[in-house]
Amino acid sequence: MNTRPHDPLPKNFDFSAAEPDIYAAWEEGGFFRADPAAPGESFVIVIPPPNVTGNLHMGHALDVTLQDVLTRYHRMKGDNTLWLPGTDHAGIATQNVVEKTLLKEGTSREELGREKFVERVWEWKRQYGGNIVRQLRRLGGSCDWSRERFTMDEGLSRAVREVFVTLHEEGLVYRGQYLINWCPRCRTAVSDVEVEHENRRDHLYYLKYVVEPDPGGAASSLPPLVVATTRPETCFGDTAVAVNPDDPRFGEYLGRRVVIPLTGRSVPVVADAYVDMEFGTGALKVTPGHDPNDFQIARRHDLPAVSAIDEGGLLTGAAGPYRGLDRLEARPKIVADLERAGLLERTDPLEHAVGVCYRCRSVIEPLISLQWFVKIGSLAGAAREAVADGRTALVPAGWEKTYFDWMDNIRDWCVSRQLWWGHQIPAWYCQKCGETIVAREDPAGCPKCGGTELERDPDVLDTWFSSGLWPFSTLGWPERTADLARYYPTTVLVTGFDIIFFWVARMMMMGLKFMGDVPFRTVILHPLVRDAQGKKMSKTAGNVVDPLEVIDRHGADAFRFSLAVQAGQARDLRVDPKRVEGYSKFVNKIWNAARLADSLLRGGAAETTAAATPGTTPAAPATPAGPGAGTAAGTADARGSLPDRWIRARLNQVVKAVGLELDAFHTDRYCDQLYQFVWYEFCDWYLELVKPVAYGPDGPARRAALETLGSSFATILKLLHPVMPFVTEALWPRFAPAGWDLSPIMTQPFPQFDPRALDPEALDLIQCLMDVTRAVRQARSDFGLPPGAKLSPAVQTTDPARRNALSEHGPLLLKLMGAESLSLADDETPRPRESAVNVLPWGQVWTPLAGHVNPEAELARLEKESQKIRKEIAAARGKLQNPAYLDKAPEEVVAETREKLSEVERKLESLGRALELVRSLA
RNA sequence: GGGCGGUUAACUCAGCGGCUAGAGUGCCGGCCUUACAAGCCGGGAGUCGGAGGUUCGAAUCCUCUACCGCCCACCA
């Protein structure tokens, strides 16, 4: 069993066939499961629970990808890693969905009754609730499914009840009659954050309130009081007209009564400083039952509240003949009637914001209602403090201000909802004595009067009440479980910034209150997903890109990579299928590099060339350690060939860099660095450098090279695994180290930086080989040398190390630059007459042009280059002649400038010689 | 009304006090070189939104300003 696959890799990665099998193997292997008893530092993420009825959208995909990258990284690092998944019951949203299907069936929740309806929702949940969870698996999410939770499962419901009762005991939960936000469509109260404001073009109506005769019965000589309002239909709820006490225009009206138009009812004129003299007419109709400001004014003046609009959004009996009309339909009728009665002075256009329900977009109706509230002051204060003092960090930190502003201006949280789907409020009312009982266990009787006729509060709690407990309720609270002890506080929360108030803030409050500690150390607020044009994705706009379709088309790895590489500090992330396609090429690149490496390691050439030599001993397996392990010292031979030394040194640098990026949660830079390195260094240079050796005769040198090839590719796969779990897992069996025990790559240790494995010499010399190769390629391209032209370039340099490297790797270079021979020259060597010159900091490259010479063109080229260099010299000299610069700039910077200056001066000198020669030809 | 973000190559973005401002895509020219044409090689391309200021040095920090976007908000 413990054998490597021997068959050649297929030409392409068949991700659609491989992904499900790989995922199933991970899951069956139990590799996602966390063990609180295991050693290691804890790394914990709780998933932002998607709605049970939901389908995977781009926002989830981004969220899950980022969490999975971090989770896989920390798991490989050896941390005790838990990623806890689950779903949210999503009160209104879910209830709406089920109600819609009932409607199609020709019935309704009212017809079914509460019990049957709730049972229907559970049924729905059982049937479709698994959808979203299956879809998370398609993305490769390595969640610990054994710990999957649902906000309405038994344990979490207990936690909700415990929290509610405790808060009630402490006086932090109360019930009362206040003006709240009401959605007439959902027929429930909603909290402040659930109201969104939309700017609308509307009208300001000027209504005449006729002054009532004074108590003596004499008709008033005062003209009618004109009041401006956007909502004439609420006038039936007016209980006063208010003016500013300092407003000289209305002094005579104070204390008088005015008649509400269309009603005959009269109300007092009161003075209140709230009234803005500048706005409208300076007189404000006071409607305490339907406006938050008016509600406040009414409290100050002890005015009654009249409800003119009911919970269905219909006008009440207070509206007389208009009773039963919808508030929005009533307005034009009322305006017409006012006009007819001569009580409408005029109408002005006005743009203002109206509140709408964030779920159904209906206009929110403020009305007075008996609801449950959470007293928020102390909770918000603690939550604010925890971010202010750094116990929890928001990333990017710019969000802190938003968070503080919200916490500072927060009002009590209305938590009761007139829904059936959710956690029913644990409150009972004694029908005999009216006592309210809030209890952990269902009460049998009234503790006050002993009455047994109790009625339970029909309302349920705001969905966000239970999600606010998510970081500890999912770990078993209020039980003192091993999970809770080990995994709370969680390490990082990854979510979109759109739910800072809804969710993040509430978790902060609840975590601090009930666990005595913050729920997470870091909150990563990632961008919101937009379409390719930057527009919000929405069903109505028709620009929704389905993540599952993208995965079907390009594979999960390419999709994940495209999300992770774009998830920087910006606020928008544009999902463009073309871009995903671009990264699918990267997956293909990796696959093909693997094909090459694999075929070489298996002892033959690629299968596209000659057949593999039968019986050849497979290459020595890769070493398990990271790059360069144990090779810091020793002779050149012991360190291996120059390309070997170089790739190990580079890989070591990359290991360090990407580790730092991931530790700082910069998945974008982690991805970008790997992309650059794998494609433009490993594939474009290293693999090309290895080929001649690998295809050459067998021997110690070849074997050493193959060993480096195998181990470095294995390292690359491990580095890529967090973001590209599938393709790396699929390839792993080919590159796993000796003693391979069938354990998957996801359980391998993440490569570690080796501070001893630096090799600046190798980096420098390979750079030199690259420079020469590029110079010759450039000359070939610039002068249009035919593809078959035989070139015999020369490199002029006196640097012994470089001369050495060039002569040693001459044959190798010839292939890369398509030349016939390469010769070395020194300062004494005369330059061949017909040749292109590339000036490098340490020498020149001469490429003979063999009849393709065009001295004028080259002259122009060299002159252009010398212009550029002159400018650089001037800049560097200017700096070094500036005493302020020498005085104030850091030493390293000055040293760099000096070095730079001598380099460009050398270059210019060298260029000067070249120019001279070309001029003599031209 | 208050706050936040963006403005860098044709497009999408990175860089956020010091290398000649980068990458991907696109574009132009040349290659079917035996891992990959989903590829290779070479190339052109930007007064870093505008105006001031701080600094030896600014795309980067400060002030003002223009446009685009987002969030919060009890002027009816």
# chains A, B, ... in the order shown; residues from 1 in each chain; ligands from 1
$ residues_around --residues "A59 in chain B" --least-positions-apart "4" --cutoff "9 Å" --atoms "only C-alpha atoms (C1' of nucleotides)" --output "VMD selection string"
chain B and resid 8 15 to 16 21 48
$ interface_residues --of "chain A" --to "chain B" --cutoff "6 Å" --atoms "only C-alpha atoms (C1' of nucleotides)" --output "number ranges by chain"
A: 229, 292-293, 585, 592-593, 595-596, 609, 778, 781, 884-885
$ atom_distance --atom1 "CA of Ala714 in chain A" --atom2 "CA of Phe735 in chain A"
5.4 Å
$ select_by_dssp --residues "range 214-447 of chain A" --states "strand (DSSP E or B)" --output "compact mmCIF listing (two decimals) with N, CA, C and O atoms, in the first residue's frame"
# COMPACT_ATOMS: atom_id res chain seq x y z
N LEU A 225 -53.24 78.48 12.02
CA LEU A 225 -51.84 78.12 12.21
C LEU A 225 -51.47 77.13 11.11
O LEU A 225 -52.12 76.10 10.96
N VAL A 226 -50.44 77.48 10.33
CA VAL A 226 -50.08 76.58 9.23
C VAL A 226 -48.91 75.70 9.67
O VAL A 226 -47.91 76.17 10.19
N VAL A 227 -49.10 74.43 9.47
CA VAL A 227 -48.14 73.42 9.92
C VAL A 227 -47.64 72.64 8.71
O VAL A 227 -48.44 72.25 7.86
N ALA A 228 -46.32 72.43 8.63
CA ALA A 228 -45.77 71.67 7.51
C ALA A 228 -45.54 70.22 7.93
O ALA A 228 -45.00 69.96 9.00
N THR A 229 -45.94 69.29 7.08
CA THR A 229 -45.73 67.87 7.39
C THR A 229 -45.54 67.07 6.12
O THR A 229 -46.02 67.44 5.05
N ALA A 240 -51.18 67.75 19.72
CA ALA A 240 -50.77 69.13 19.99
C ALA A 240 -50.17 69.71 18.73
O ALA A 240 -49.91 69.00 17.76
N VAL A 241 -49.95 71.03 18.74
CA VAL A 241 -49.09 71.68 17.76
C VAL A 241 -48.03 72.37 18.58
O VAL A 241 -48.34 73.00 19.60
N ALA A 242 -46.78 72.23 18.17
CA ALA A 242 -45.69 72.82 18.96
C ALA A 242 -45.01 73.92 18.18
O ALA A 242 -44.85 73.83 16.95
N VAL A 243 -44.60 74.96 18.89
CA VAL A 243 -43.81 76.04 18.29
C VAL A 243 -42.65 76.31 19.22
O VAL A 243 -42.67 75.93 20.39
N ARG A 257 -56.22 76.74 21.42
CA ARG A 257 -56.39 75.40 20.84
C ARG A 257 -56.65 75.55 19.36
O ARG A 257 -57.26 76.54 18.92
N VAL A 258 -56.15 74.62 18.59
CA VAL A 258 -56.37 74.65 17.15
C VAL A 258 -57.07 73.38 16.71
O VAL A 258 -56.93 72.33 17.36
N VAL A 259 -57.80 73.48 15.62
CA VAL A 259 -58.60 72.35 15.18
C VAL A 259 -57.83 71.55 14.12
O VAL A 259 -57.36 72.09 13.12
N SER A 266 -59.89 69.37 18.60
CA SER A 266 -58.92 70.43 18.78
C SER A 266 -57.81 69.99 19.73
O SER A 266 -58.01 69.12 20.58
N VAL A 267 -56.63 70.59 19.54
CA VAL A 267 -55.47 70.25 20.37
C VAL A 267 -54.80 71.55 20.81
O VAL A 267 -54.94 72.58 20.15
N PRO A 268 -54.05 71.50 21.92
CA PRO A 268 -53.40 72.73 22.39
C PRO A 268 -52.18 73.10 21.57
O PRO A 268 -51.59 72.24 20.91
N VAL A 269 -51.82 74.37 21.62
CA VAL A 269 -50.56 74.82 21.04
C VAL A 269 -49.57 74.92 22.18
O VAL A 269 -49.84 75.59 23.18
N VAL A 270 -48.45 74.18 22.07
CA VAL A 270 -47.48 74.18 23.15
C VAL A 270 -46.14 74.74 22.65
O VAL A 270 -45.89 74.80 21.45
N ALA A 271 -45.29 75.12 23.59
CA ALA A 271 -43.96 75.64 23.23
C ALA A 271 -42.92 74.59 23.56
O ALA A 271 -42.91 74.05 24.68
N ALA A 283 -43.99 75.76 12.81
CA ALA A 283 -44.98 75.10 13.67
C ALA A 283 -45.00 73.62 13.31
O ALA A 283 -44.97 73.25 12.15
N LEU A 284 -45.02 72.80 14.35
CA LEU A 284 -44.89 71.36 14.16
C LEU A 284 -46.10 70.65 14.74
O LEU A 284 -46.49 70.90 15.88
N LYS A 285 -46.68 69.77 13.96
CA LYS A 285 -47.77 68.98 14.51
C LYS A 285 -47.18 67.86 15.35
O LYS A 285 -46.17 67.24 14.96
N VAL A 286 -47.76 67.62 16.49
CA VAL A 286 -47.19 66.64 17.41
C VAL A 286 -48.03 65.37 17.37
O VAL A 286 -49.20 65.38 17.72
N ILE A 309 -52.64 54.68 13.23
CA ILE A 309 -52.29 53.62 12.29
C ILE A 309 -52.12 52.35 13.09
O ILE A 309 -51.53 52.36 14.18
N LEU A 314 -52.89 50.10 8.62
CA LEU A 314 -54.17 50.68 8.23
C LEU A 314 -54.56 51.78 9.21
O LEU A 314 -54.23 51.72 10.40
N LEU A 315 -55.29 52.79 8.71
CA LEU A 315 -55.73 53.86 9.58
C LEU A 315 -56.77 53.31 10.55
O LEU A 315 -57.60 52.46 10.19
N ASP A 326 -55.14 51.78 3.86
CA ASP A 326 -53.70 51.67 4.09
C ASP A 326 -53.11 53.07 4.17
O ASP A 326 -53.53 53.98 3.45
N LEU A 344 -55.51 73.12 2.74
CA LEU A 344 -54.14 72.87 2.28
C LEU A 344 -53.61 74.17 1.70
O LEU A 344 -54.09 74.65 0.68
N GLU A 345 -52.63 74.73 2.36
CA GLU A 345 -52.12 76.01 1.87
C GLU A 345 -51.29 75.83 0.62
O GLU A 345 -51.49 76.48 -0.38
N ARG A 346 -50.31 74.92 0.70
CA ARG A 346 -49.50 74.65 -0.48
C ARG A 346 -48.75 73.34 -0.29
O ARG A 346 -48.78 72.73 0.78
N THR A 347 -48.04 72.96 -1.33
CA THR A 347 -47.26 71.72 -1.31
C THR A 347 -45.88 72.02 -1.90
O THR A 347 -45.79 72.60 -2.97
N ASP A 348 -44.84 71.64 -1.16
CA ASP A 348 -43.47 71.80 -1.69
C ASP A 348 -42.84 70.43 -1.90
O ASP A 348 -43.08 69.52 -1.11
N PRO A 349 -42.01 70.31 -2.93
CA PRO A 349 -41.26 69.05 -3.06
C PRO A 349 -40.20 68.97 -1.96
O PRO A 349 -39.68 69.99 -1.53
N LEU A 350 -39.92 67.76 -1.54
CA LEU A 350 -38.93 67.59 -0.47
C LEU A 350 -38.25 66.23 -0.63
O LEU A 350 -38.91 65.23 -0.88
N GLU A 351 -36.91 66.27 -0.50
CA GLU A 351 -36.22 64.98 -0.50
C GLU A 351 -35.83 64.66 0.92
O GLU A 351 -35.21 65.47 1.60
N HIS A 352 -36.23 63.52 1.38
CA HIS A 352 -35.87 63.14 2.75
C HIS A 352 -35.76 61.62 2.85
O HIS A 352 -36.08 60.89 1.93
N ALA A 353 -35.26 61.18 3.99
CA ALA A 353 -35.04 59.75 4.18
C ALA A 353 -36.25 59.12 4.87
O ALA A 353 -36.80 59.70 5.80
N VAL A 354 -36.64 57.97 4.37
CA VAL A 354 -37.68 57.22 5.07
C VAL A 354 -37.10 55.88 5.50
O VAL A 354 -36.25 55.32 4.82
N GLY A 355 -37.56 55.40 6.62
CA GLY A 355 -37.08 54.12 7.12
C GLY A 355 -37.80 52.98 6.45
O GLY A 355 -39.02 53.01 6.28
N VAL A 356 -37.03 51.97 6.04
CA VAL A 356 -37.66 50.78 5.45
C VAL A 356 -37.11 49.54 6.16
O VAL A 356 -36.02 49.54 6.71
N CYS A 357 -37.88 48.50 6.11
CA CYS A 357 -37.52 47.23 6.74
C CYS A 357 -36.38 46.59 5.96
O CYS A 357 -36.44 46.46 4.75
N VAL A 363 -42.12 50.32 4.12
CA VAL A 363 -41.91 51.51 4.93
C VAL A 363 -42.22 51.18 6.40
O VAL A 363 -43.27 50.63 6.71
N GLU A 365 -43.21 51.75 10.14
CA GLU A 365 -44.17 52.61 10.82
C GLU A 365 -43.78 52.70 12.30
O GLU A 365 -43.79 51.68 12.98
N PRO A 366 -43.38 53.87 12.75
CA PRO A 366 -43.13 53.94 14.19
C PRO A 366 -44.48 53.87 14.90
O PRO A 366 -45.40 54.60 14.54
N LEU A 367 -44.61 52.99 15.86
CA LEU A 367 -45.83 53.01 16.66
C LEU A 367 -45.60 52.53 18.07
O LEU A 367 -44.58 51.93 18.38
N ILE A 368 -46.59 52.84 18.90
CA ILE A 368 -46.42 52.52 20.31
C ILE A 368 -46.87 51.10 20.56
O ILE A 368 -47.93 50.69 20.11
N SER A 369 -46.03 50.36 21.24
CA SER A 369 -46.32 48.95 21.38
C SER A 369 -45.65 48.41 22.63
O SER A 369 -44.63 48.94 23.09
N LEU A 370 -46.21 47.33 23.15
CA LEU A 370 -45.66 46.71 24.36
C LEU A 370 -44.62 45.69 23.94
O LEU A 370 -44.95 44.69 23.29
N GLN A 371 -43.37 45.94 24.27
CA GLN A 371 -42.29 45.06 23.81
C GLN A 371 -41.27 44.84 24.91
O GLN A 371 -41.24 45.55 25.91
N TRP A 372 -40.39 43.84 24.65
CA TRP A 372 -39.28 43.55 25.55
C TRP A 372 -38.03 44.28 25.05
O TRP A 372 -37.78 44.32 23.85
N PHE A 373 -37.26 44.81 26.00
CA PHE A 373 -36.04 45.53 25.64
C PHE A 373 -34.85 45.05 26.45
O PHE A 373 -35.02 44.60 27.59
N VAL A 374 -33.67 45.19 25.86
CA VAL A 374 -32.44 44.99 26.62
C VAL A 374 -31.87 46.36 26.92
O VAL A 374 -31.69 47.18 26.02
N ALA A 393 -8.97 43.45 18.57
CA ALA A 393 -8.51 44.35 17.51
C ALA A 393 -9.41 44.22 16.30
O ALA A 393 -9.76 43.10 15.90
N LEU A 394 -9.80 45.34 15.75
CA LEU A 394 -10.54 45.31 14.49
C LEU A 394 -9.54 45.53 13.36
O LEU A 394 -8.69 46.41 13.43
N VAL A 395 -9.64 44.72 12.32
CA VAL A 395 -8.74 44.83 11.18
C VAL A 395 -9.58 44.96 9.91
O VAL A 395 -10.40 44.08 9.66
N TRP A 413 -32.28 48.02 23.14
CA TRP A 413 -32.47 47.07 22.04
C TRP A 413 -33.84 46.39 22.21
O TRP A 413 -34.06 45.67 23.19
N CYS A 414 -34.69 46.63 21.25
CA CYS A 414 -35.99 45.96 21.26
C CYS A 414 -35.78 44.53 20.76
O CYS A 414 -35.38 44.32 19.62
N SER A 416 -38.06 41.75 21.27
CA SER A 416 -39.20 40.86 21.02
C SER A 416 -39.67 41.00 19.57
O SER A 416 -39.64 42.09 19.00
N ARG A 417 -40.06 39.90 19.02
CA ARG A 417 -40.53 39.88 17.63
C ARG A 417 -41.87 39.14 17.61
O ARG A 417 -42.01 38.09 18.23
N GLN A 424 -38.96 31.34 21.77
CA GLN A 424 -40.09 32.00 22.42
C GLN A 424 -39.63 32.58 23.77
O GLN A 424 -38.86 31.95 24.51
N ALA A 427 -41.45 34.10 29.24
CA ALA A 427 -42.21 34.94 30.17
C ALA A 427 -43.66 34.48 30.18
O ALA A 427 -44.21 34.17 29.12
N TRP A 428 -44.22 34.43 31.39
CA TRP A 428 -45.61 34.00 31.54
C TRP A 428 -46.37 35.08 32.32
O TRP A 428 -45.78 35.75 33.18
N TYR A 429 -47.65 35.23 31.98
CA TYR A 429 -48.45 36.21 32.69
C TYR A 429 -49.57 35.50 33.43
O TYR A 429 -50.33 34.73 32.82
N CYS A 430 -49.65 35.76 34.71
CA CYS A 430 -50.69 35.14 35.52
C CYS A 430 -52.02 35.79 35.18
O CYS A 430 -52.17 37.00 35.28
N THR A 436 -45.96 38.89 36.18
CA THR A 436 -45.10 38.42 35.09
C THR A 436 -44.04 37.48 35.64
O THR A 436 -43.36 37.82 36.61
N ILE A 437 -43.93 36.31 35.06
CA ILE A 437 -42.95 35.33 35.55
C ILE A 437 -41.95 35.06 34.42
O ILE A 437 -42.33 34.67 33.32
N VAL A 438 -40.67 35.31 34.72
CA VAL A 438 -39.60 35.00 33.76
C VAL A 438 -38.74 33.94 34.42
O VAL A 438 -38.19 34.18 35.50
$ residues_around --residues "G17 in chain B" --least-positions-apart "5" --cutoff "9 Å" --atoms "only C-alpha atoms (C1' of nucleotides)" --output "list in words"
G57, A58, U60 and C61 of chain B
$ closest_atom_pairs --of "range 541-561 of chain A" --to "range 61-82 of chain A" --cutoff "12 Å" --atoms "only C-alpha atoms" --output "tab-separated table"
residue	atom	partner	partner_atom	distance
A:Val545	CA	A:Ala61	CA	11.2
A:Asp546	CA	A:Ala61	CA	9.8
A:Pro547	CA	A:Ala61	CA	6.9
A:Leu548	CA	A:Ala61	CA	9.4
A:Val550	CA	A:Ala61	CA	10.8
A:Ile551	CA	A:Ala61	CA	10.5
A:Ala556	CA	A:Thr65	CA	9.8
A:Asp557	CA	A:Thr65	CA	9.8
A:Ala558	CA	A:Thr65	CA	11.3
A:Phe559	CA	A:Ala61	CA	9.0
A:Arg560	CA	A:Thr65	CA	5.8
A:Phe561	CA	A:Thr65	CA	8.4
$ select_by_dssp --residues "range 489-729 of chain A" --states "helix (DSSP H, G or I)" --output "NGL selection string"
:A and (497-515 or 547-554 or 556-566 or 577-601 or 636-639 or 642-663 or 667-695 or 700-720 or 725-729)
$ closest_residue --among "B:A37, B:G26, B:U7, B:U63" --to "G49 in chain B" --atoms "only C-alpha atoms (C1' of nucleotides)"
B:U7
$ residues_around --residues "Ala388 in chain A" --least-positions-apart "4" --cutoff "12 Å" --atoms "only C-alpha atoms (C1' of nucleotides)" --output "list of chain:residue names"
A:Gly381, A:Ala382, A:Ala383, A:Arg384, A:Thr392, A:Ala393, A:Leu394, A:Ala397, A:Trp399, A:Glu400, A:Lys401, A:Tyr403, A:Phe404, A:Asp405, A:Met407
$ residues_around --residues "Arg391 in chain A" --least-positions-apart "2" --cutoff "9 Å" --atoms "only C-alpha atoms (C1' of nucleotides)" --output "NGL selection string"
:A and (385-389 or 393 or 517-518 or 520-522)
$ residues_around --residues "range 124-138 of chain A" --least-positions-apart "5" --cutoff "9 Å" --atoms "only C-alpha atoms (C1' of nucleotides)" --output "list of chain:residue names"
A:Glu19, A:Pro20, A:Tyr23, A:Pro50, A:Asn51, A:Val52, A:Thr53, A:Gly54, A:Asn55, A:Leu56, A:His60, A:Ala61, A:Val64, A:Pro85, A:Gly86, A:Thr87, A:His89, A:Val98, A:Glu119, A:Cys143, A:Leu548, A:Ile551, A:Ala556
$ closest_residue --among "A:Leu765, A:Val460, A:Met515, A:Ala694" --to "Val118 in chain A" --atoms "only C-alpha atoms"
A:Val460
$ atom_distance --atom1 "CA of Pro725 in chain A" --atom2 "CA of Met537 in chain A"
27.5 Å
